[in-house]
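S.K.: Structure in structure tokens, see below.
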4 protein chains.
Amino acid sequence: MIDRPHARRDAIVLAAYARLAEHGFEGLRTRDVAADAGINIATLHYHFQTKEAVIRAVVAQAMRKFAATLPRHGTPAEQLRGHLRALRALLREEPALCVVLGELALRAARDPAIAAIVGETDDFWHRTLRGLVERGVAGGCLGPHLDPDQVASALMAALKGVALPTVAVRQPERLDQTFDQLERWLGLVEEEPR
Amino acid sequence: MIDRPHARRDAIVLAAYARLAEHGFEGLRTRDVAADAGINIATLHYHFQTKEAVIRAVVAQAMRKFAATLPRHGTPAEQLRGHLRALRALLREEPALCVVLGELALRAARDPAIAAIVGETDDFWHRTLRGLVERGVAGGCLGPHLDPDQVASALMAALKGVALPTVAVRQPERLDQTFDQLERWLGLVEEEPR
Amino acid sequence: MIDRPHARRDAIVLAAYARLAEHGFEGLRTRDVAADAGINIATLHYHFQTKEAVIRAVVAQAMRKFAATLPRHGTPAEQLRGHLRALRALLREEPALCVVLGELALRAARDPAIAAIVGETDDFWHRTLRGLVERGVAGGCLGPHLDPDQVASALMAALKGVALPTVAVRQPERLDQTFDQLERWLGLVEEEPR
Amino acid sequence: MIDRPHARRDAIVLAAYARLAEHGFEGLRTRDVAADAGINIATLHYHFQTKEAVIRAVVAQAMRKFAATLPRHGTPAEQLRGHLRALRALLREEPALCVVLGELALRAARDPAIAAIVGETDDFWHRTLRGLVERGVAGGCLGPHLDPDQVASALMAALKGVALPTVAVRQPERLDQTFDQLERWLGLVEEEPR
DNA sequence: AATGAATGAGAGTTCATTCAT
DNA sequence: AATGAATGAACTCTCATTCAT
């Protein structure tokens, strides 16, 4: 890796992300993060003033990864389908993200700084989904009778729930079952007679 | 309070439950629990050998509260509806439970002892829901075309997701939206033309 | 065991003696002593006001066991021989006493109360040995050229040293070698040409 | 004090050695050691991971001090005499060592790690003494009729016994009497008519 | 005579943070 | 830009002792 200006910072954030995924906030130690990043604990504090600062950087990183699953073009149905598929793949390929997002969801309840960041992403996600459903229903590519707000909320709930490590990491078959059922409920797959 | 045999133990568990809800495992301190219970830290260790033992008692308590929402009689549709209503009420009235269940879901990923307890409840929940859907479809009181396994998984995911404190505690309107949408998807409400 | 007035006290002292032998003062816990004696910790404190009081009783017990090896009649040589044989047998049969005496010797350096008790027995031992050597030399049954004070001191040193658990418990062959050599040096065995 | 690389470590070991001598394992507190060394308790744990690690360093130190009394050249009689004189001087000048060695002898009975270290030194000591006696008898500079194994064992026992703090620290006159008698028994002094 | 429950003081250890170099 | 050394505060857990019953 060439020496980019922020190589050290990135290494720290990466290590903290991995540590957070493996041990949770409860077991997140700056010393371990520094060791994983191959630096001294004092060096970590040279790049980040406090542990909280490291955490904020990790949060930003996690939000970025999640946001990448939100598609930007195509018909509403295509976008919804694309989003679900990207998310399903992400959860399967990067279980660490499941843990980190779960930890953040819980910490947001106690930490306004994190609540702000997570809340913003959450709201954007909700608006996006609602918009897609609205336009999907209007355009006829989604079934009628769908209340966009309710669908967006229920969809987000299901996606958050399936991302919990108890499900995503320990019971991958339920991950698929959930995603399949969500696509069916949304009318994204042609219903075959069974 | 009259002197029941386990009054002290119960007080400790109650205090630990509240502390866990408010500060997470990350901020759970035996001294604070003892203080909240109005006792000395040594007294806490007289009743519970270790912090882990306290936690186990809290887990049992949380599982009991959740299990109480599983209904035991009625038609499948009635049981499903009853379960959802009981859960919706519980989450609204006891936000602490949301946090505790979330913490447990995350800790289960790292702590086999908790994973075992949580996993057992989880499996029982899944079997129960799947059974209800099966019988509901067979009896005609639920729409056809429902794969019991998929529905159970998706339903559980949505319920877990909606219980996350970011949703249940901070956005109660989405809690209702989600529950309404779930009832609609399950065909538990008569679809009115809109 | 019939209910003698001090049965409980004796059981406590016995348990404390065994615990002291096995774990030293460092690992002597009143709770364990009480448990071994089959009673509650509070009951122990009913019979002995403090831990120190228990220890004093153990010390007395140990001193009594040691003093029983000092013979009371016979010629000086017989008494010396008898003392050495009794002590050799005691150390071999009751390794616990080795540890307890060693612990007391060390604690005496810090604890005046124990120093007083141990010192008294020590001085009595020294006077006894010195007297035996004096009379033995005078009576001709011990070799001449022996300074009673020096012999008594050297003899006690050797006996204390051989009683240390590192020797008595872990290297029983050196115990015999030492006792044999001491008898030879004192002229208590006929020197055979070798 | 100039800043040698291990100055802090040495200061800690020194303080622990002194504390152990004064209060025994029973009263050895890391906080006191740190205070005596003029550092924070956390600093102690920066240099030594655990209390046990500090103890190991103290043991090594004590063994080194003792081993320095074993002479390396001269006739067997000279070496024996030299060893006894060096030991006599050491015990008189450094009473702390008496206590520490006594504590170690007792702890060895319970702690395999210490037993290994102490046992090794002990065996080396025994082999050395036995060799000296063997060669002394063969060369005629020690009296005949001496069984090297027995003499070595008895000598070690006497030296250990005389080093016990009850003797060495509280009754220095008996220390001299013992050493004088040992030299006489070994035939290291010319027997004068008395 | 005996005990379950309680406690103050203190044990070893850990952690985020700081500072001189 | 980096680090070895240091620290205050806090952690879980232990222990001899007490007290109401």
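Labels used: A, B, ... for chains in the order of the structure tokens, numbers from 1 for residues in each chain, and numbers from 1 for ligands as shown.
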Find the residues around DT7 (chain E) up to 12 Å (only C-alpha atoms (C1' of nucleotides) counted), leave out those fewer than 5 positions away in its own chain, and share them as a VMD selection string.

M.R.: (chain B and resid 39 to 46) or (chain F and resid 15 to 19)

S.K.: May I have the selected residues written with C-alpha atoms (C1' of nucleotides), as an mmCIF file, in the first residue's frame?

M.R.:
```
data_model
loop_
_atom_site.group_PDB
_atom_site.id
_atom_site.type_symbol
_atom_site.label_atom_id
_atom_site.label_comp_id
_atom_site.auth_asym_id
_atom_site.auth_seq_id
_atom_site.Cartn_x
_atom_site.Cartn_y
_atom_site.Cartn_z
ATOM 1 C CA ILE B 39 -27.411 -2.675 48.875
ATOM 2 C CA ASN B 40 -23.677 -2.936 49.243
ATOM 3 C CA ILE B 41 -21.647 -4.398 46.402
ATOM 4 C CA ALA B 42 -20.605 -7.248 48.695
ATOM 5 C CA THR B 43 -24.239 -8.057 49.304
ATOM 6 C CA LEU B 44 -24.774 -8.394 45.593
ATOM 7 C CA HIS B 45 -21.964 -10.916 45.505
ATOM 8 C CA TYR B 46 -23.546 -12.727 48.409
ATOM 9 C "C1'" DC F 15 -12.647 -11.179 53.378
ATOM 10 C "C1'" DA F 16 -13.182 -10.824 58.420
ATOM 11 C "C1'" DT F 17 -16.565 -9.253 60.932
ATOM 12 C "C1'" DT F 18 -21.361 -7.948 62.602
ATOM 13 C "C1'" DC F 19 -26.250 -8.286 63.598
#
```

S.K.: Would you list the contacts of region 131-147 of chain B as an MDAnalysis selection string, taking every protein, DNA or RNA residue within 8 Å and counting only C-alpha atoms (C1' of nucleotides), but skipping same-chain residues closer than 2 positions in sequence?

M.R.: (chainID A and resid 193:194) or (chainID B and resid 75:77 79:80 127:129 149:152 186:188)

S.K.: Write out as a PDB file with N, CA and C atoms, in the first residue's frame which residues come within 10 Å of Gly119 (chain B) when counting only C-alpha atoms (C1' of nucleotides), dropping same-chain ones fewer than 4 positions away.

M.R.:
```pdb
ATOM      1  N   THR A 166     -27.719 -12.673  15.280  1.00  0.00           N
ATOM      2  CA  THR A 166     -28.355 -13.949  15.618  1.00  0.00           C
ATOM      3  C   THR A 166     -28.968 -14.594  14.390  1.00  0.00           C
ATOM      4  N   VAL A 167     -29.468 -13.759  13.490  1.00  0.00           N
ATOM      5  CA  VAL A 167     -30.061 -14.314  12.279  1.00  0.00           C
ATOM      6  C   VAL A 167     -29.007 -14.425  11.184  1.00  0.00           C
ATOM      7  N   ARG A 170     -25.777 -16.579  12.322  1.00  0.00           N
ATOM      8  CA  ARG A 170     -25.950 -17.932  12.839  1.00  0.00           C
ATOM      9  C   ARG A 170     -26.987 -18.753  12.086  1.00  0.00           C
TER      10      ARG A 170
ATOM     11  N   ALA B 105     -29.359 -10.093  21.693  1.00  0.00           N
ATOM     12  CA  ALA B 105     -29.149 -10.581  20.331  1.00  0.00           C
ATOM     13  C   ALA B 105     -27.706 -10.369  19.905  1.00  0.00           C
ATOM     14  N   ALA B 108     -25.276 -12.582  22.069  1.00  0.00           N
ATOM     15  CA  ALA B 108     -25.367 -14.002  21.729  1.00  0.00           C
ATOM     16  C   ALA B 108     -24.321 -14.371  20.677  1.00  0.00           C
ATOM     17  N   PRO B 112     -21.556 -17.967  24.082  1.00  0.00           N
ATOM     18  CA  PRO B 112     -22.304 -19.201  23.832  1.00  0.00           C
ATOM     19  C   PRO B 112     -23.396 -19.443  24.872  1.00  0.00           C
ATOM     20  N   ALA B 113     -23.160 -19.066  26.108  1.00  0.00           N
ATOM     21  CA  ALA B 113     -24.166 -19.305  27.148  1.00  0.00           C
ATOM     22  C   ALA B 113     -25.444 -18.547  26.815  1.00  0.00           C
ATOM     23  N   ILE B 114     -25.286 -17.292  26.413  1.00  0.00           N
ATOM     24  CA  ILE B 114     -26.456 -16.495  26.050  1.00  0.00           C
ATOM     25  C   ILE B 114     -27.029 -16.988  24.729  1.00  0.00           C
ATOM     26  N   ALA B 115     -26.150 -17.344  23.813  1.00  0.00           N
ATOM     27  CA  ALA B 115     -26.621 -17.851  22.521  1.00  0.00           C
ATOM     28  C   ALA B 115     -27.545 -19.049  22.727  1.00  0.00           C
ATOM     29  N   ASP B 123     -35.872 -20.488  18.455  1.00  0.00           N
ATOM     30  CA  ASP B 123     -36.352 -21.656  17.711  1.00  0.00           C
ATOM     31  C   ASP B 123     -37.800 -21.977  18.070  1.00  0.00           C
ATOM     32  N   PHE B 124     -38.092 -21.861  19.348  1.00  0.00           N
ATOM     33  CA  PHE B 124     -39.471 -22.127  19.760  1.00  0.00           C
ATOM     34  C   PHE B 124     -40.429 -21.143  19.095  1.00  0.00           C
ATOM     35  N   TRP B 125     -39.983 -19.907  19.037  1.00  0.00           N
ATOM     36  CA  TRP B 125     -40.791 -18.866  18.397  1.00  0.00           C
ATOM     37  C   TRP B 125     -41.023 -19.210  16.911  1.00  0.00           C
TER      38      TRP B 125
END
```

S.K.: Which of region 54-163 of chain B counts as helix (DSSP H, G or I) under DSSP, as a PyMOL selection string please?

M.R.: chain B and resi 54-67+76-93+95-107+112-139+148-163

S.K.: Show me, as a compact mmCIF listing (two decimals) with C-alpha atoms (C1' of nucleotides), in the first residue's frame, every residue of chain F with an atom at most 12 Å from chain B, counting only C-alpha atoms (C1' of nucleotides).

M.R.:
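After the write, part.txt holds the following:
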```
# COMPACT_ATOMS: atom_id res chain seq x y z
C1' DA F 10 -12.69 2.54 38.02
C1' DC F 11 -13.60 -2.41 37.61
C1' DT F 12 -15.01 -7.17 39.61
C1' DC F 13 -14.46 -9.76 43.39
C1' DT F 14 -12.97 -11.15 48.40
C1' DC F 15 -12.65 -11.18 53.38
```

S.K.: Compile a residue-level contact table for chain E against chain D at a cut-off of 12 Å, reporting for every qualifying residue the shortest atom pair and its distance in Å to one decimal, with only C-alpha atoms (C1' of nucleotides) counted, rows ordered by chain and ascending number, as CSV.

M.R.:
```
residue,atom,partner,partner_atom,distance
E:DG10,C1',D:Arg29,CA,10.2
E:DA11,C1',D:Arg29,CA,8.0
E:DG12,C1',D:Lys51,CA,7.6
E:DT13,C1',D:His45,CA,8.1
E:DT14,C1',D:Ala42,CA,8.7
E:DC15,C1',D:Ala42,CA,10.0
```

S.K.: So that I have them on file, write out the residues from the current selection with C-alpha atoms (C1' of nucleotides), as a PDB file, in the first residue's frame.

M.R.:
```pdb
ATOM      1  C1'  DG E  10      -9.354  -3.426  50.313  1.00  0.00           C
ATOM      2  C1'  DA E  11      -7.437  -6.900  46.922  1.00  0.00           C
ATOM      3  C1'  DG E  12      -5.384  -7.445  41.887  1.00  0.00           C
ATOM      4  C1'  DT E  13      -6.180  -5.790  37.470  1.00  0.00           C
ATOM      5  C1'  DT E  14      -7.693  -2.778  33.438  1.00  0.00           C
ATOM      6  C1'  DC E  15      -8.291   1.270  30.582  1.00  0.00           C
TER       7       DC E  15
END
```

S.K.: Determine which residues of chain C sit within 9 Å of chain D, taking into account only C-alpha atoms, and present them as a VMD selection string.

M.R.: chain C and resid 22 to 27 99 102 to 103 105 to 110 115 118 to 119 145 to 147 149 to 167 169 to 170 174 to 182 185 191 to 194
